[in-house]
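Participant: Next up, data09.pdb (PDB, C-alpha atoms).
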ATOM      1  CA  MET W   7      83.625  93.454  85.922
ATOM      2  CA  ILE W   8      87.196  93.586  84.647
ATOM      3  CA  ASP W   9      88.048  90.988  82.032
ATOM      4  CA  THR W  10      91.434  92.318  80.845
ATOM      5  CA  VAL W  11      94.354  94.096  82.488
ATOM      6  CA  GLY W  12      97.009  95.822  80.435
ATOM      7  CA  VAL W  13     100.245  96.495  82.305
ATOM      8  CA  ILE W  14     102.279  99.261  80.701
ATOM      9  CA  VAL W  15     106.004  99.519  81.478
ATOM     10  CA  PRO W  16     107.994 102.275  79.740
ATOM     11  CA  ALA W  17     111.702 101.474  79.547
ATOM     12  CA  ALA W  18     114.551 103.717  78.430
ATOM     13  CA  ASP W  19     117.804 101.720  78.610
ATOM     14  CA  GLU W  20     116.822  99.715  81.700
ATOM     15  CA  ARG W  21     118.573  96.411  80.937
ATOM     16  CA  ASP W  22     119.944  96.065  84.474
ATOM     17  CA  LEU W  23     116.719  96.752  86.389
ATOM     18  CA  LEU W  24     114.150  95.392  83.938
ATOM     19  CA  PRO W  25     114.550  91.675  84.839
ATOM     20  CA  ALA W  26     113.579  92.288  88.477
ATOM     21  CA  CYS W  27     110.638  94.399  87.326
ATOM     22  CA  LEU W  28     109.355  91.620  85.075
ATOM     23  CA  ASP W  29     109.955  88.931  87.717
ATOM     24  CA  ALA W  30     107.803  90.911  90.133
ATOM     25  CA  LEU W  31     105.088  91.334  87.509
ATOM     26  CA  ASP W  32     105.143  87.581  86.856
ATOM     27  CA  ALA W  33     104.564  86.936  90.562
ATOM     28  CA  SER W  34     101.703  89.454  90.689
ATOM     29  CA  ARG W  35     100.216  88.001  87.528
ATOM     30  CA  GLY W  36     100.367  84.529  89.067
ATOM     31  CA  GLU W  37      98.565  85.656  92.216
ATOM     32  CA  LEU W  38      95.785  87.224  90.159
ATOM     33  CA  ALA W  39      95.481  84.055  88.060
ATOM     34  CA  ARG W  40      94.929  81.956  91.178
ATOM     35  CA  SER W  41      91.954  84.037  92.306
ATOM     36  CA  ARG W  42      90.694  85.302  88.936
ATOM     37  CA  PRO W  43      91.750  82.950  86.131
ATOM     38  CA  ASP W  44      89.143  84.618  83.915
ATOM     39  CA  VAL W  45      91.093  87.894  83.751
ATOM     40  CA  VAL W  46      93.490  88.196  80.817
ATOM     41  CA  VAL W  47      96.733  90.037  81.601
ATOM     42  CA  ARG W  48      98.909  91.652  78.944
ATOM     43  CA  VAL W  49     102.298  93.030  79.972
ATOM     44  CA  VAL W  50     103.666  95.524  77.461
ATOM     45  CA  VAL W  51     107.171  96.950  77.773
ATOM     46  CA  VAL W  52     107.474 100.124  75.732
ATOM     47  CA  LEU W  53     111.113 100.190  74.642
ATOM     48  CA  ASP W  54     111.781 103.877  74.167
ATOM     49  CA  SER W  55     114.939 104.463  72.101
ATOM     50  CA  CYS W  56     116.702 101.607  73.888
ATOM     51  CA  THR W  57     120.257 100.753  72.808
ATOM     52  CA  ASP W  58     121.473  98.801  75.845
ATOM     53  CA  GLY W  59     119.990  95.324  75.438
ATOM     54  CA  SER W  60     116.632  95.986  77.080
ATOM     55  CA  ALA W  61     114.952  94.539  73.980
ATOM     56  CA  ALA W  62     116.790  91.240  74.485
ATOM     57  CA  VAL W  63     115.521  91.067  78.064
ATOM     58  CA  VAL W  64     111.951  91.394  76.837
ATOM     59  CA  SER W  65     112.336  89.002  73.888
ATOM     60  CA  ALA W  66     113.518  86.284  76.286
ATOM     61  CA  ARG W  67     110.134  86.415  78.039
ATOM     62  CA  PRO W  68     107.345  84.865  75.938
ATOM     63  CA  THR W  69     104.600  86.295  78.179
ATOM     64  CA  VAL W  70     105.804  89.889  77.733
ATOM     65  CA  GLU W  71     105.088  92.039  74.667
ATOM     66  CA  ALA W  72     107.571  94.560  73.293
ATOM     67  CA  ALA W  73     106.498  97.890  71.829
ATOM     68  CA  PRO W  74     109.540  99.693  70.371
ATOM     69  CA  VAL W  75     109.144 103.468  70.017
ATOM     70  CA  ASP W  76     111.465 106.403  69.502
ATOM     71  CA  VAL W  77     109.758 109.221  71.381
ATOM     72  CA  ARG W  78     112.118 109.877  74.314
ATOM     73  CA  LEU W  79     109.175 111.017  76.414
ATOM     74  CA  ALA W  80     107.764 109.010  79.308
ATOM     75  CA  GLY W  81     104.217 110.235  78.712
ATOM     76  CA  ALA W  82     104.317 109.432  75.011
ATOM     77  CA  ALA W  83     105.767 105.983  75.742
ATOM     78  CA  ARG W  84     102.990 105.192  78.234
ATOM     79  CA  ARG W  85     100.447 106.452  75.714
ATOM     80  CA  ALA W  86     101.825 104.152  73.002
ATOM     81  CA  GLY W  87     101.592 101.137  75.286
ATOM     82  CA  CYS W  88      98.025 101.947  76.265
ATOM     83  CA  ALA W  89      97.032 102.389  72.626
ATOM     84  CA  LEU W  90      98.349  98.925  71.813
ATOM     85  CA  VAL W  91      96.330  97.288  74.586
ATOM     86  CA  ILE W  92      93.167  99.282  73.920
ATOM     87  CA  ALA W  93      93.272  98.362  70.233
ATOM     88  CA  GLY W  94      93.052  94.682  71.144
ATOM     89  CA  ALA W  95      90.331  94.998  73.786
ATOM     90  CA  SER W  96      86.656  94.304  73.243
ATOM     91  CA  ALA W  97      85.230  96.761  75.792
ATOM     92  CA  ALA W  98      87.000  99.777  77.302
ATOM     93  CA  ASP W  99      84.864  99.707  80.460
ATOM     94  CA  ARG W 100      86.094  96.179  81.252
ATOM     95  CA  LEU W 101      89.759  96.924  80.511
ATOM     96  CA  TRP W 102      92.021  98.107  83.323
ATOM     97  CA  LEU W 103      95.270  99.893  82.479
ATOM     98  CA  ALA W 104      97.957  99.437  85.137
ATOM     99  CA  SER W 105     101.106 101.543  85.022
ATOM    100  CA  THR W 106     104.497 100.897  86.566
ATOM    101  CA  ASP W 107     108.147 101.631  85.724
ATOM    102  CA  ALA W 108     111.070  99.513  84.585
ATOM    103  CA  ASP W 109     113.122 100.465  87.654
ATOM    104  CA  SER W 110     110.361  99.317  90.008
ATOM    105  CA  ARG W 111     109.088  96.069  91.526
ATOM    106  CA  VAL W 112     105.385  95.610  92.186
ATOM    107  CA  PRO W 113     104.248  93.485  95.168
ATOM    108  CA  PRO W 114     102.464  90.137  94.624
ATOM    109  CA  ASN W 115      99.046  91.626  95.484
ATOM    110  CA  TRP W 116      99.380  94.538  93.047
ATOM    111  CA  LEU W 117      97.216  93.263  90.200
ATOM    112  CA  THR W 118      94.749  91.550  92.529
ATOM    113  CA  GLY W 119      94.368  94.775  94.494
ATOM    114  CA  MET W 120      93.914  96.857  91.352
ATOM    115  CA  VAL W 121      91.184  94.574  90.018
ATOM    116  CA  GLU W 122      89.385  94.440  93.365
ATOM    117  CA  LEU W 123      89.306  98.232  93.629
ATOM    118  CA  ALA W 124      88.163  98.592  90.025
ATOM    119  CA  GLU W 125      85.330  96.139  90.546
ATOM    120  CA  ALA W 126      84.362  97.941  93.757
ATOM    121  CA  GLY W 127      83.733 101.085  91.724
ATOM    122  CA  ALA W 128      87.060 102.884  91.352
ATOM    123  CA  ASP W 129      87.897 104.284  87.926
ATOM    124  CA  PHE W 130      91.293 105.626  88.966
ATOM    125  CA  VAL W 131      93.731 104.193  91.523
ATOM    126  CA  LEU W 132      96.788 105.954  92.902
ATOM    127  CA  GLY W 133      99.218 103.857  94.926
ATOM    128  CA  THR W 134     102.299 104.581  96.975
ATOM    129  CA  VAL W 135     105.936 103.688  96.438
ATOM    130  CA  ARG W 136     108.778 102.772  98.747
ATOM    131  CA  PRO W 137     112.569 102.789  98.315
ATOM    132  CA  SER W 138     113.768  99.523  96.809
ATOM    133  CA  GLU W 139     117.127  99.802  98.549
ATOM    134  CA  THR W 140     118.132 100.960 102.016
ATOM    135  CA  LEU W 141     118.628 104.702 102.119
ATOM    136  CA  PRO W 142     121.513 106.303 104.012
ATOM    137  CA  ALA W 143     120.467 106.935 107.615
ATOM    138  CA  GLY W 144     120.083 110.694 107.259
ATOM    139  CA  LEU W 145     118.119 110.486 104.027
ATOM    140  CA  ASP W 146     115.981 107.650 105.372
ATOM    141  CA  ALA W 147     114.920 109.775 108.337
ATOM    142  CA  LYS W 148     113.993 112.687 106.055
ATOM    143  CA  TYR W 149     112.056 110.351 103.779
ATOM    144  CA  ARG W 150     110.043 108.804 106.610
ATOM    145  CA  ALA W 151     109.211 112.255 107.953
ATOM    146  CA  ALA W 152     108.127 113.634 104.576
ATOM    147  CA  TYR W 153     106.397 110.763 102.795
ATOM    148  CA  LEU W 154     102.872 109.787 103.851
ATOM    149  CA  SER W 155     102.313 106.090 103.216
ATOM    150  CA  ALA W 156      98.673 105.654 104.200
ATOM    151  CA  ASP W 157      95.285 105.375 102.555
ATOM    152  CA  GLY W 158      94.187 108.780 101.322
ATOM    153  CA  HIS W 159      97.798 109.836 100.678
ATOM    154  CA  PRO W 160      98.469 112.843  98.399
ATOM    155  CA  HIS W 161     101.009 111.205  96.096
ATOM    156  CA  VAL W 162     100.881 110.477  92.367
ATOM    157  CA  HIS W 163     103.303 107.942  90.899
ATOM    158  CA  GLY W 164     103.393 106.560  87.376
ATOM    159  CA  ALA W 165     105.050 103.530  88.959
ATOM    160  CA  ASN W 166     101.834 102.664  90.822
ATOM    161  CA  LEU W 167      98.770 103.867  88.981
ATOM    162  CA  GLY W 168      95.712 102.251  87.458
ATOM    163  CA  ILE W 169      92.806 103.549  85.401
ATOM    164  CA  ARG W 170      89.783 102.122  83.639
ATOM    165  CA  ALA W 171      90.356 102.341  79.885
ATOM    166  CA  ALA W 172      87.014 104.051  79.249
ATOM    167  CA  THR W 173      87.941 106.748  81.786
ATOM    168  CA  TYR W 174      91.437 107.027  80.346
ATOM    169  CA  LEU W 175      90.001 107.735  76.909
ATOM    170  CA  GLU W 176      87.526 110.286  78.284
ATOM    171  CA  LEU W 177      90.414 112.136  79.967
ATOM    172  CA  GLY W 178      92.411 112.269  76.738
ATOM    173  CA  GLY W 179      95.056 109.708  77.694
ATOM    174  CA  TRP W 180      98.602 110.222  78.897
ATOM    175  CA  PRO W 181      99.985 113.677  78.099
ATOM    176  CA  GLU W 182     102.881 113.312  75.653
ATOM    177  CA  ILE W 183     105.473 114.982  77.854
ATOM    178  CA  GLY W 184     108.810 113.913  79.308
ATOM    179  CA  SER W 185     107.953 114.151  82.979
ATOM    180  CA  GLY W 186     104.949 114.857  85.178
ATOM    181  CA  GLU W 187     102.524 113.019  82.903
ATOM    182  CA  ASP W 188     101.166 111.128  85.924
ATOM    183  CA  VAL W 189     100.468 114.334  87.861
ATOM    184  CA  MET W 190      98.771 115.913  84.836
ATOM    185  CA  LEU W 191      96.575 112.860  84.247
ATOM    186  CA  ALA W 192      95.600 112.825  87.927
ATOM    187  CA  ALA W 193      94.739 116.541  87.789
ATOM    188  CA  ARG W 194      92.434 115.884  84.849
ATOM    189  CA  ALA W 195      90.771 113.068  86.799
ATOM    190  CA  VAL W 196      90.209 115.290  89.827
ATOM    191  CA  ALA W 197      88.787 118.075  87.660
ATOM    192  CA  ALA W 198      86.407 115.603  86.006
ATOM    193  CA  GLY W 199      85.253 114.117  89.314
ATOM    194  CA  VAL W 200      86.490 110.626  88.459
ATOM    195  CA  PRO W 201      85.920 108.088  91.293
ATOM    196  CA  THR W 202      89.449 107.770  92.668
ATOM    197  CA  ILE W 203      91.033 105.614  95.361
ATOM    198  CA  ARG W 204      94.352 106.605  96.946
ATOM    199  CA  THR W 205      95.640 103.414  98.504
ATOM    200  CA  SER W 206      98.698 102.293 100.443
ATOM    201  CA  GLN W 207      97.775  98.601 100.302
ATOM    202  CA  PHE W 208     100.233  97.620  97.557
ATOM    203  CA  PRO W 209     103.307  99.892  97.599
ATOM    204  CA  VAL W 210     105.717  99.523  94.691
ATOM    205  CA  ALA W 211     109.456  99.297  95.384
ATOM    206  CA  THR W 212     111.212 101.911  93.262
ATOM    207  CA  SER W 213     114.894 102.506  92.582
ATOM    208  CA  THR W 214     116.666 104.895  94.921
ATOM    209  CA  ARG W 215     119.066 106.179  92.286
ATOM    210  CA  LEU W 216     119.356 109.953  92.487
ATOM    211  CA  CYS W 217     119.696 110.412  88.728
ATOM    212  CA  GLY W 218     116.608 109.066  86.966
ATOM    213  CA  ARG W 219     115.479 108.886  83.353
ATOM    214  CA  ALA W 220     112.896 111.680  83.719
ATOM    215  CA  PRO W 221     113.826 115.143  85.032
ATOM    216  CA  TYR W 222     111.047 115.363  87.632
ATOM    217  CA  CYS W 223     110.412 111.928  89.097
ATOM    218  CA  TYR W 224     111.033 109.848  92.221
ATOM    219  CA  SER W 225     114.787 110.286  91.868
ATOM    220  CA  SER W 226     114.402 114.071  91.856
ATOM    221  CA  TYR W 227     112.211 113.810  94.962
ATOM    222  CA  LEU W 228     114.931 111.846  96.764
ATOM    223  CA  ARG W 229     117.596 114.241  95.488
ATOM    224  CA  GLY W 230     115.624 117.162  96.891
ATOM    225  CA  LEU W 231     115.330 115.494 100.280
ATOM    226  CA  ALA W 232     119.047 114.770 100.308
ATOM    227  CA  THR W 233     119.854 118.461  99.895
ATOM    228  CA  LEU W 234     117.545 119.653 102.678
ATOM    229  CA  ASP W 235     119.251 121.058 105.747
ATOM    230  CA  ASP W 236     119.020 118.839 108.809
TER     231      ASP W 236
END
Using the file provided, produce a representation of the structure as structure tokens.
Facilitator:
Amino acid sequence: MIDTVGVIVPAADERDLLPACLDALDASRGELARSRPDVVVRVVVVLDSCTDGSAAVVSARPTVEAAPVDVRLAGAARRAGCALVIAGASAADRLWLASTDADSRVPPNWLTGMVELAEAGADFVLGTVRPSETLPAGLDAKYRAAYLSADGHPHVHGANLGIRAATYLELGGWPEIGSGEDVMLAARAVAAGVPTIRTSQFPVATSTRLCGRAPYCYSSYLRGLATLDD
């Protein structure tokens, strides 16, 4: 059984998009509370070198914890958030670590779905994402042709990922790198034979900006599609 969920949200100057992210997490947290009031949820925003007022956004929300760091690396920021939650947990096998991004909005069934899959035997969950805004017609067509949004999909997104804390620790945690930490963690899980579910049941809406905070992320994927010849 899962008794605690830690939601880790790295943020690097995301004042404008962070409120919508936290609103969506509140809604997902509320849905989980209605079906599983016994599960404690901690939302931790890892404020990585923020200078834009992101800290004020978090401080205005009493149900959200702030974890200021100065690492300038997405993987290291996620790792710091996980360490904070793990330190306060009683049992790593009953703690679920859910990862999303500050420029993303989770659906209402996100936390409920994560917990259900974990309690059904999954130790690692990889979800899909979708554009949070309407893409230009040409880019939208390329995206729909290239992106598989179905159960068993091949994608790995830090914006929609969950892992049992005991498994996370066995795999060595998030790699402390600036980009691709999600892909590297997933590769470790595959190599170790970790029970993994690739689901499309709770896609996360992610910003369609073409210039993201990390060099190789969803924005770079969209940028690559935009430059493909028709």
Participant: Expand the PyMOL selection byres ((chain W and resi 11-20) around 8) into the individual residues it matches in the shown file, reporting them as a VMD selection string.
Facilitator: chain W and resid 8 to 10 21 to 24 45 to 60 78 80 83 to 84 87 to 88 91 101 to 109 219
Participant: Applied to the shown file, which residues does the PyMOL selection byres ((chain W and resi 197-204) around 6) return, written as a short mmCIF file (atom, residue, chain, number, x, y, z; two decimals) with C-alpha atoms, in the coordinates of the input?
Facilitator:
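Printed below is result32.cif as written:
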data_model
loop_
_atom_site.label_atom_id
_atom_site.label_comp_id
_atom_site.auth_asym_id
_atom_site.auth_seq_id
_atom_site.Cartn_x
_atom_site.Cartn_y
_atom_site.Cartn_z
CA ALA W 128 87.06 102.88 91.35
CA ASP W 129 87.90 104.28 87.93
CA PHE W 130 91.29 105.63 88.97
CA VAL W 131 93.73 104.19 91.52
CA LEU W 132 96.79 105.95 92.90
CA GLY W 133 99.22 103.86 94.93
CA ASP W 157 95.28 105.38 102.56
CA GLY W 158 94.19 108.78 101.32
CA ARG W 194 92.43 115.88 84.85
CA ALA W 195 90.77 113.07 86.80
CA VAL W 196 90.21 115.29 89.83
CA THR W 205 95.64 103.41 98.50
#
Participant: Quick one: distance from atom CA of W:Ala171 to atom CA of W:Leu90 in Å, one decimal?
Facilitator: 11.9 Å
Participant: Given the file above and the PyMOL selection byres ((chain W and resi 113) around 9), which residues are selected, and can you give them as a PDB file with C-alpha atoms, in the frame of the given file?
Facilitator:
ATOM      1  CA  ALA W  30     107.803  90.911  90.133  1.00  0.00           C
ATOM      2  CA  LEU W  31     105.088  91.334  87.509  1.00  0.00           C
ATOM      3  CA  ALA W  33     104.564  86.936  90.562  1.00  0.00           C
ATOM      4  CA  SER W  34     101.703  89.454  90.689  1.00  0.00           C
ATOM      5  CA  ARG W 111     109.088  96.069  91.526  1.00  0.00           C
ATOM      6  CA  VAL W 112     105.385  95.610  92.186  1.00  0.00           C
ATOM      7  CA  PRO W 114     102.464  90.137  94.624  1.00  0.00           C
ATOM      8  CA  ASN W 115      99.046  91.626  95.484  1.00  0.00           C
ATOM      9  CA  TRP W 116      99.380  94.538  93.047  1.00  0.00           C
ATOM     10  CA  LEU W 117      97.216  93.263  90.200  1.00  0.00           C
ATOM     11  CA  PHE W 208     100.233  97.620  97.557  1.00  0.00           C
ATOM     12  CA  PRO W 209     103.307  99.892  97.599  1.00  0.00           C
ATOM     13  CA  VAL W 210     105.717  99.523  94.691  1.00  0.00           C
ATOM     14  CA  ALA W 211     109.456  99.297  95.384  1.00  0.00           C
TER      15      ALA W 211
END
Participant: Determine the nearest neighbour of W:Asp44 from the options W:Met7, W:Ala61, W:Ala147, W:Ser138, counting only C-alpha atoms.
Facilitator: W:Met7
Participant: For a test of reading the model, state the distance in Å between atom CA of W:Ile92 and atom CA of W:Gly168, rounded to one decimal.
Facilitator: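 We find that atom CA of W:Ile92 and atom CA of W:Gly168 lie 14.1 Å from each other.
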Participant: Using all atoms listed in the file, can you tell me which of W:Ser206, W:Ser185, W:Met120, W:Ile169 comes closest to W:Leu154?
Facilitator: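 The answer is W:Ser206, which sits nearest to W:Leu154.
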Participant: Tell me, in Å to one decimal, how far atom CA of W:His159 is from atom CA of W:Ala192.
Facilitator: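 For atom CA of W:His159 relative to atom CA of W:Ala192, the distance reads 13.3 Å.
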